[in-house]
Amino acid sequence: MPRFRLPSPVSTPFTFWYLTVLLATTALQRLLGDTLSARLLELASTDAHNLWHRPVFSLVSSALWLGDDAWLVYVVIFTLAVAPLERRIGAGWTCAVFASGHVLATLATELPVMGAISAGWLPATDGRWLDIGVSYGFFATAGALVPVLARRFRALATMAIEAVIVVIYVISEPSTLGGIVTFAGHLIAAHIGMLGWWRWLRRHGVAGTLPRPAPPRTPERLLARSGAR
């Protein structure tokens, strides 16, 4: 089994610098105080109102903040899910997997809300609930890690991811629109990683490579992978 390794700026630059940004924004929230922090989070939220008026800004900025002080928790979960994927596919592709989950799951859940508000089926206030954080991107990378695991671990990993999503839903606010939308977003993001990236991971030779150590990212190996596309 590969030994446990914390993210580093050399081996896992995406994971390391993303966690650094989240630490900085978490510290900034505490420095600014509750009132100003709440206003900043409202502006960054990917709720229906912000997506209608400033879609690109809200999609990018919402992934730079945490809604609580659980930064150390994210260090653990990024180390367990995001960093191992990055060691196999590189920083750029890990960022692409993360972004695909964050953007597509957000649009898949918020566009129906926007449509329902426009049709008068939901009140306008439902377009302003706070929706920030990295969970959609995280679940996409966690889902993409499933095909990377050896075949005997995949069913267990899939059940574990889906169990975590259910637990988050149950302990949050399951009866609210926000709770339902977030639950759906987590499921969509996880399956974007598992199913949407499956063929790409297999084509690039990284499927089934865990728990073996990641092969060295030498120029010869990168050239061989490029030629196999």
# chains A, B, ... in the order shown; residues from 1 in each chain; ligands from 1
$ residues_around --residues "A:Leu130" --least-positions-apart "5" --cutoff "10 Å" --atoms "only C-alpha atoms" --output "compact mmCIF listing (two decimals) with C-alpha atoms, in the first residue's frame"
# COMPACT_ATOMS: atom_id res chain seq x y z
CA ALA A 38 -22.01 37.20 5.24
CA LEU A 41 -20.66 34.98 0.79
CA GLU A 42 -23.98 36.25 -0.55
CA LEU A 43 -22.16 37.83 -3.51
CA ALA A 44 -20.22 34.62 -4.17
CA SER A 45 -23.19 32.28 -3.85
CA THR A 46 -24.30 30.26 -6.87
CA ASP A 47 -27.96 30.78 -6.08
CA ALA A 48 -30.47 31.37 -8.86
CA SER A 62 -18.37 30.22 -4.86
CA GLY A 67 -19.31 28.02 4.74
CA GLY A 178 -31.63 24.16 -0.25
$ residues_around --residues "A:Ile165" --least-positions-apart "5" --cutoff "9 Å" --atoms "only C-alpha atoms" --output "PyMOL selection string"
chain A and resi 139+160+170+183+186-187
$ atom_distance --atom1 "atom CA of A:Asp69" --atom2 "atom CA of A:Met159"
27.4 Å
$ closest_residue --among "A:Asn50, A:Thr141, A:Ser175, A:Thr26" --to "A:Trp197" --atoms "only C-alpha atoms"
A:Thr141
$ atom_distance --atom1 "atom CA of A:Ile171" --atom2 "atom CA of A:Thr109"
20.0 Å
$ atom_distance --atom1 "atom CA of A:Arg30" --atom2 "atom CA of A:Ser61"
17.8 Å
$ residues_around --residues "stretch 100-107 of chain A" --least-positions-apart "5" --cutoff "9 Å" --atoms "only C-alpha atoms" --output "list in words"
Thr46, Asp47, Leu51, Leu59, Val60, Ala63, Cys95, Pro112, Val134, Ser135, Tyr136, Gly137, Phe138, Phe139, Ala140, Thr141, Thr182, Ala184, Gly185, His186, Leu187, Ile188, Ala189, Ala190, His191, Ile192 and Gly193 of chain A
$ closest_residue --among "A:Glu110, A:Val73, A:Pro174, A:Thr158" --to "A:Leu23" --atoms "only C-alpha atoms"
A:Val73
$ closest_residue --among "A:Val75, A:Ala81, A:Ala144, A:Leu64" --to "A:Trp198" --atoms "only C-alpha atoms"
A:Ala144
$ decode --residues "stretch 168-218 of chain A" --atoms "N, CA and C atoms" --output "PDB file, in the first residue's frame"
ATOM      1  N   ILE A 168     -24.883  13.565   4.908  1.00  0.00           N
ATOM      2  CA  ILE A 168     -24.873  15.028   4.834  1.00  0.00           C
ATOM      3  C   ILE A 168     -26.284  15.564   4.664  1.00  0.00           C
ATOM      4  N   TYR A 169     -27.061  14.909   3.816  1.00  0.00           N
ATOM      5  CA  TYR A 169     -28.445  15.343   3.589  1.00  0.00           C
ATOM      6  C   TYR A 169     -29.287  15.228   4.856  1.00  0.00           C
ATOM      7  N   VAL A 170     -29.147  14.111   5.568  1.00  0.00           N
ATOM      8  CA  VAL A 170     -29.978  13.862   6.746  1.00  0.00           C
ATOM      9  C   VAL A 170     -29.644  14.828   7.877  1.00  0.00           C
ATOM     10  N   ILE A 171     -28.348  15.126   8.060  1.00  0.00           N
ATOM     11  CA  ILE A 171     -27.972  15.974   9.199  1.00  0.00           C
ATOM     12  C   ILE A 171     -28.061  17.461   8.882  1.00  0.00           C
ATOM     13  N   SER A 172     -28.317  17.818   7.612  1.00  0.00           N
ATOM     14  CA  SER A 172     -28.455  19.240   7.275  1.00  0.00           C
ATOM     15  C   SER A 172     -29.914  19.662   7.425  1.00  0.00           C
ATOM     16  N   GLU A 173     -30.522  20.143   6.375  1.00  0.00           N
ATOM     17  CA  GLU A 173     -31.918  20.581   6.425  1.00  0.00           C
ATOM     18  C   GLU A 173     -32.687  19.870   5.318  1.00  0.00           C
ATOM     19  N   PRO A 174     -33.033  18.591   5.528  1.00  0.00           N
ATOM     20  CA  PRO A 174     -33.599  17.775   4.446  1.00  0.00           C
ATOM     21  C   PRO A 174     -34.944  18.250   3.936  1.00  0.00           C
ATOM     22  N   SER A 175     -35.693  19.005   4.740  1.00  0.00           N
ATOM     23  CA  SER A 175     -37.024  19.421   4.314  1.00  0.00           C
ATOM     24  C   SER A 175     -37.021  20.732   3.540  1.00  0.00           C
ATOM     25  N   THR A 176     -35.866  21.407   3.459  1.00  0.00           N
ATOM     26  CA  THR A 176     -35.798  22.692   2.776  1.00  0.00           C
ATOM     27  C   THR A 176     -35.398  22.509   1.317  1.00  0.00           C
ATOM     28  N   LEU A 177     -35.698  23.529   0.508  1.00  0.00           N
ATOM     29  CA  LEU A 177     -35.292  23.486  -0.893  1.00  0.00           C
ATOM     30  C   LEU A 177     -33.776  23.413  -1.008  1.00  0.00           C
ATOM     31  N   GLY A 178     -33.088  24.185  -0.192  1.00  0.00           N
ATOM     32  CA  GLY A 178     -31.632  24.160  -0.246  1.00  0.00           C
ATOM     33  C   GLY A 178     -31.061  22.795   0.055  1.00  0.00           C
ATOM     34  N   GLY A 179     -31.635  22.113   1.038  1.00  0.00           N
ATOM     35  CA  GLY A 179     -31.164  20.773   1.363  1.00  0.00           C
ATOM     36  C   GLY A 179     -31.391  19.784   0.237  1.00  0.00           C
ATOM     37  N   ILE A 180     -32.544  19.879  -0.406  1.00  0.00           N
ATOM     38  CA  ILE A 180     -32.861  18.972  -1.516  1.00  0.00           C
ATOM     39  C   ILE A 180     -31.963  19.253  -2.714  1.00  0.00           C
ATOM     40  N   VAL A 181     -31.760  20.539  -3.031  1.00  0.00           N
ATOM     41  CA  VAL A 181     -30.909  20.917  -4.167  1.00  0.00           C
ATOM     42  C   VAL A 181     -29.470  20.467  -3.926  1.00  0.00           C
ATOM     43  N   THR A 182     -28.962  20.667  -2.716  1.00  0.00           N
ATOM     44  CA  THR A 182     -27.590  20.266  -2.410  1.00  0.00           C
ATOM     45  C   THR A 182     -27.434  18.755  -2.473  1.00  0.00           C
ATOM     46  N   PHE A 183     -28.414  18.011  -1.973  1.00  0.00           N
ATOM     47  CA  PHE A 183     -28.380  16.546  -2.050  1.00  0.00           C
ATOM     48  C   PHE A 183     -28.307  16.087  -3.507  1.00  0.00           C
ATOM     49  N   ALA A 184     -29.161  16.666  -4.341  1.00  0.00           N
ATOM     50  CA  ALA A 184     -29.145  16.310  -5.760  1.00  0.00           C
ATOM     51  C   ALA A 184     -27.809  16.694  -6.394  1.00  0.00           C
ATOM     52  N   GLY A 185     -27.275  17.875  -6.034  1.00  0.00           N
ATOM     53  CA  GLY A 185     -26.000  18.313  -6.585  1.00  0.00           C
ATOM     54  C   GLY A 185     -24.861  17.392  -6.211  1.00  0.00           C
ATOM     55  N   HIS A 186     -24.845  16.915  -4.963  1.00  0.00           N
ATOM     56  CA  HIS A 186     -23.798  15.990  -4.535  1.00  0.00           C
ATOM     57  C   HIS A 186     -23.862  14.683  -5.329  1.00  0.00           C
ATOM     58  N   LEU A 187     -25.067  14.148  -5.512  1.00  0.00           N
ATOM     59  CA  LEU A 187     -25.212  12.908  -6.284  1.00  0.00           C
ATOM     60  C   LEU A 187     -24.781  13.101  -7.732  1.00  0.00           C
ATOM     61  N   ILE A 188     -25.202  14.202  -8.334  1.00  0.00           N
ATOM     62  CA  ILE A 188     -24.841  14.472  -9.732  1.00  0.00           C
ATOM     63  C   ILE A 188     -23.331  14.621  -9.869  1.00  0.00           C
ATOM     64  N   ALA A 189     -22.714  15.385  -8.967  1.00  0.00           N
ATOM     65  CA  ALA A 189     -21.271  15.606  -9.044  1.00  0.00           C
ATOM     66  C   ALA A 189     -20.497  14.301  -8.900  1.00  0.00           C
ATOM     67  N   ALA A 190     -20.891  13.454  -7.945  1.00  0.00           N
ATOM     68  CA  ALA A 190     -20.198  12.184  -7.749  1.00  0.00           C
ATOM     69  C   ALA A 190     -20.287  11.304  -8.984  1.00  0.00           C
ATOM     70  N   HIS A 191     -21.449  11.294  -9.632  1.00  0.00           N
ATOM     71  CA  HIS A 191     -21.611  10.449 -10.818  1.00  0.00           C
ATOM     72  C   HIS A 191     -20.995  11.070 -12.064  1.00  0.00           C
ATOM     73  N   ILE A 192     -20.828  12.377 -12.081  1.00  0.00           N
ATOM     74  CA  ILE A 192     -20.034  12.993 -13.149  1.00  0.00           C
ATOM     75  C   ILE A 192     -18.608  12.462 -13.079  1.00  0.00           C
ATOM     76  N   GLY A 193     -18.061  12.398 -11.854  1.00  0.00           N
ATOM     77  CA  GLY A 193     -16.713  11.861 -11.696  1.00  0.00           C
ATOM     78  C   GLY A 193     -16.630  10.388 -12.026  1.00  0.00           C
ATOM     79  N   MET A 194     -17.575   9.598 -11.520  1.00  0.00           N
ATOM     80  CA  MET A 194     -17.527   8.148 -11.709  1.00  0.00           C
ATOM     81  C   MET A 194     -17.791   7.726 -13.147  1.00  0.00           C
ATOM     82  N   LEU A 195     -18.842   8.279 -13.743  1.00  0.00           N
ATOM     83  CA  LEU A 195     -19.286   7.834 -15.061  1.00  0.00           C
ATOM     84  C   LEU A 195     -18.780   8.731 -16.183  1.00  0.00           C
ATOM     85  N   GLY A 196     -18.802  10.056 -15.945  1.00  0.00           N
ATOM     86  CA  GLY A 196     -18.394  10.976 -17.004  1.00  0.00           C
ATOM     87  C   GLY A 196     -16.919  10.895 -17.351  1.00  0.00           C
ATOM     88  N   TRP A 197     -16.082  10.556 -16.355  1.00  0.00           N
ATOM     89  CA  TRP A 197     -14.633  10.503 -16.579  1.00  0.00           C
ATOM     90  C   TRP A 197     -14.094   9.076 -16.693  1.00  0.00           C
ATOM     91  N   TRP A 198     -14.973   8.087 -16.604  1.00  0.00           N
ATOM     92  CA  TRP A 198     -14.528   6.687 -16.576  1.00  0.00           C
ATOM     93  C   TRP A 198     -13.719   6.335 -17.827  1.00  0.00           C
ATOM     94  N   ARG A 199     -14.259   6.580 -19.004  1.00  0.00           N
ATOM     95  CA  ARG A 199     -13.573   6.191 -20.244  1.00  0.00           C
ATOM     96  C   ARG A 199     -12.259   6.942 -20.413  1.00  0.00           C
ATOM     97  N   TRP A 200     -12.248   8.218 -20.029  1.00  0.00           N
ATOM     98  CA  TRP A 200     -11.008   8.991 -20.142  1.00  0.00           C
ATOM     99  C   TRP A 200      -9.928   8.391 -19.245  1.00  0.00           C
ATOM    100  N   LEU A 201     -10.258   8.040 -18.028  1.00  0.00           N
ATOM    101  CA  LEU A 201      -9.295   7.455 -17.096  1.00  0.00           C
ATOM    102  C   LEU A 201      -8.789   6.109 -17.603  1.00  0.00           C
ATOM    103  N   ARG A 202      -9.689   5.312 -18.160  1.00  0.00           N
ATOM    104  CA  ARG A 202      -9.278   4.017 -18.687  1.00  0.00           C
ATOM    105  C   ARG A 202      -8.395   4.193 -19.920  1.00  0.00           C
ATOM    106  N   ARG A 203      -8.757   5.138 -20.790  1.00  0.00           N
ATOM    107  CA  ARG A 203      -7.969   5.376 -22.003  1.00  0.00           C
ATOM    108  C   ARG A 203      -6.560   5.860 -21.681  1.00  0.00           C
ATOM    109  N   HIS A 204      -6.394   6.579 -20.591  1.00  0.00           N
ATOM    110  CA  HIS A 204      -5.086   7.110 -20.218  1.00  0.00           C
ATOM    111  C   HIS A 204      -4.328   6.208 -19.261  1.00  0.00           C
ATOM    112  N   GLY A 205      -4.821   5.000 -19.077  1.00  0.00           N
ATOM    113  CA  GLY A 205      -4.055   3.990 -18.377  1.00  0.00           C
ATOM    114  C   GLY A 205      -3.966   4.136 -16.877  1.00  0.00           C
ATOM    115  N   VAL A 206      -4.882   4.864 -16.250  1.00  0.00           N
ATOM    116  CA  VAL A 206      -4.813   5.029 -14.795  1.00  0.00           C
ATOM    117  C   VAL A 206      -5.902   4.248 -14.074  1.00  0.00           C
ATOM    118  N   ALA A 207      -6.832   3.640 -14.788  1.00  0.00           N
ATOM    119  CA  ALA A 207      -7.879   2.840 -14.146  1.00  0.00           C
ATOM    120  C   ALA A 207      -7.240   1.631 -13.474  1.00  0.00           C
ATOM    121  N   GLY A 208      -7.662   1.367 -12.248  1.00  0.00           N
ATOM    122  CA  GLY A 208      -7.166   0.208 -11.524  1.00  0.00           C
ATOM    123  C   GLY A 208      -5.757   0.331 -10.991  1.00  0.00           C
ATOM    124  N   THR A 209      -5.240   1.549 -10.877  1.00  0.00           N
ATOM    125  CA  THR A 209      -3.846   1.712 -10.449  1.00  0.00           C
ATOM    126  C   THR A 209      -3.680   1.925  -8.949  1.00  0.00           C
ATOM    127  N   LEU A 210      -4.750   2.040  -8.205  1.00  0.00           N
ATOM    128  CA  LEU A 210      -4.679   2.092  -6.741  1.00  0.00           C
ATOM    129  C   LEU A 210      -5.100   0.734  -6.193  1.00  0.00           C
ATOM    130  N   PRO A 211      -4.396   0.213  -5.148  1.00  0.00           N
ATOM    131  CA  PRO A 211      -3.475   0.910  -4.249  1.00  0.00           C
ATOM    132  C   PRO A 211      -2.016   0.841  -4.629  1.00  0.00           C
ATOM    133  N   ARG A 212      -1.672   0.538  -5.873  1.00  0.00           N
ATOM    134  CA  ARG A 212      -0.259   0.574  -6.248  1.00  0.00           C
ATOM    135  C   ARG A 212       0.248   2.005  -6.203  1.00  0.00           C
ATOM    136  N   PRO A 213       1.535   2.221  -5.934  1.00  0.00           N
ATOM    137  CA  PRO A 213       2.081   3.580  -5.949  1.00  0.00           C
ATOM    138  C   PRO A 213       1.941   4.208  -7.325  1.00  0.00           C
ATOM    139  N   ALA A 214       1.776   5.507  -7.363  1.00  0.00           N
ATOM    140  CA  ALA A 214       1.679   6.222  -8.640  1.00  0.00           C
ATOM    141  C   ALA A 214       2.991   6.112  -9.383  1.00  0.00           C
ATOM    142  N   PRO A 215       2.975   5.793 -10.699  1.00  0.00           N
ATOM    143  CA  PRO A 215       4.211   5.730 -11.466  1.00  0.00           C
ATOM    144  C   PRO A 215       4.834   7.106 -11.603  1.00  0.00           C
ATOM    145  N   PRO A 216       6.159   7.170 -11.762  1.00  0.00           N
ATOM    146  CA  PRO A 216       6.808   8.482 -11.907  1.00  0.00           C
ATOM    147  C   PRO A 216       6.348   9.189 -13.170  1.00  0.00           C
ATOM    148  N   ARG A 217       6.153  10.510 -13.070  1.00  0.00           N
ATOM    149  CA  ARG A 217       5.700  11.305 -14.204  1.00  0.00           C
ATOM    150  C   ARG A 217       6.909  11.776 -15.005  1.00  0.00           C
ATOM    151  N   THR A 218       7.562  10.826 -15.664  1.00  0.00           N
ATOM    152  CA  THR A 218       8.756  11.128 -16.450  1.00  0.00           C
ATOM    153  C   THR A 218       8.363  11.660 -17.817  1.00  0.00           C
TER     154      THR A 218
END
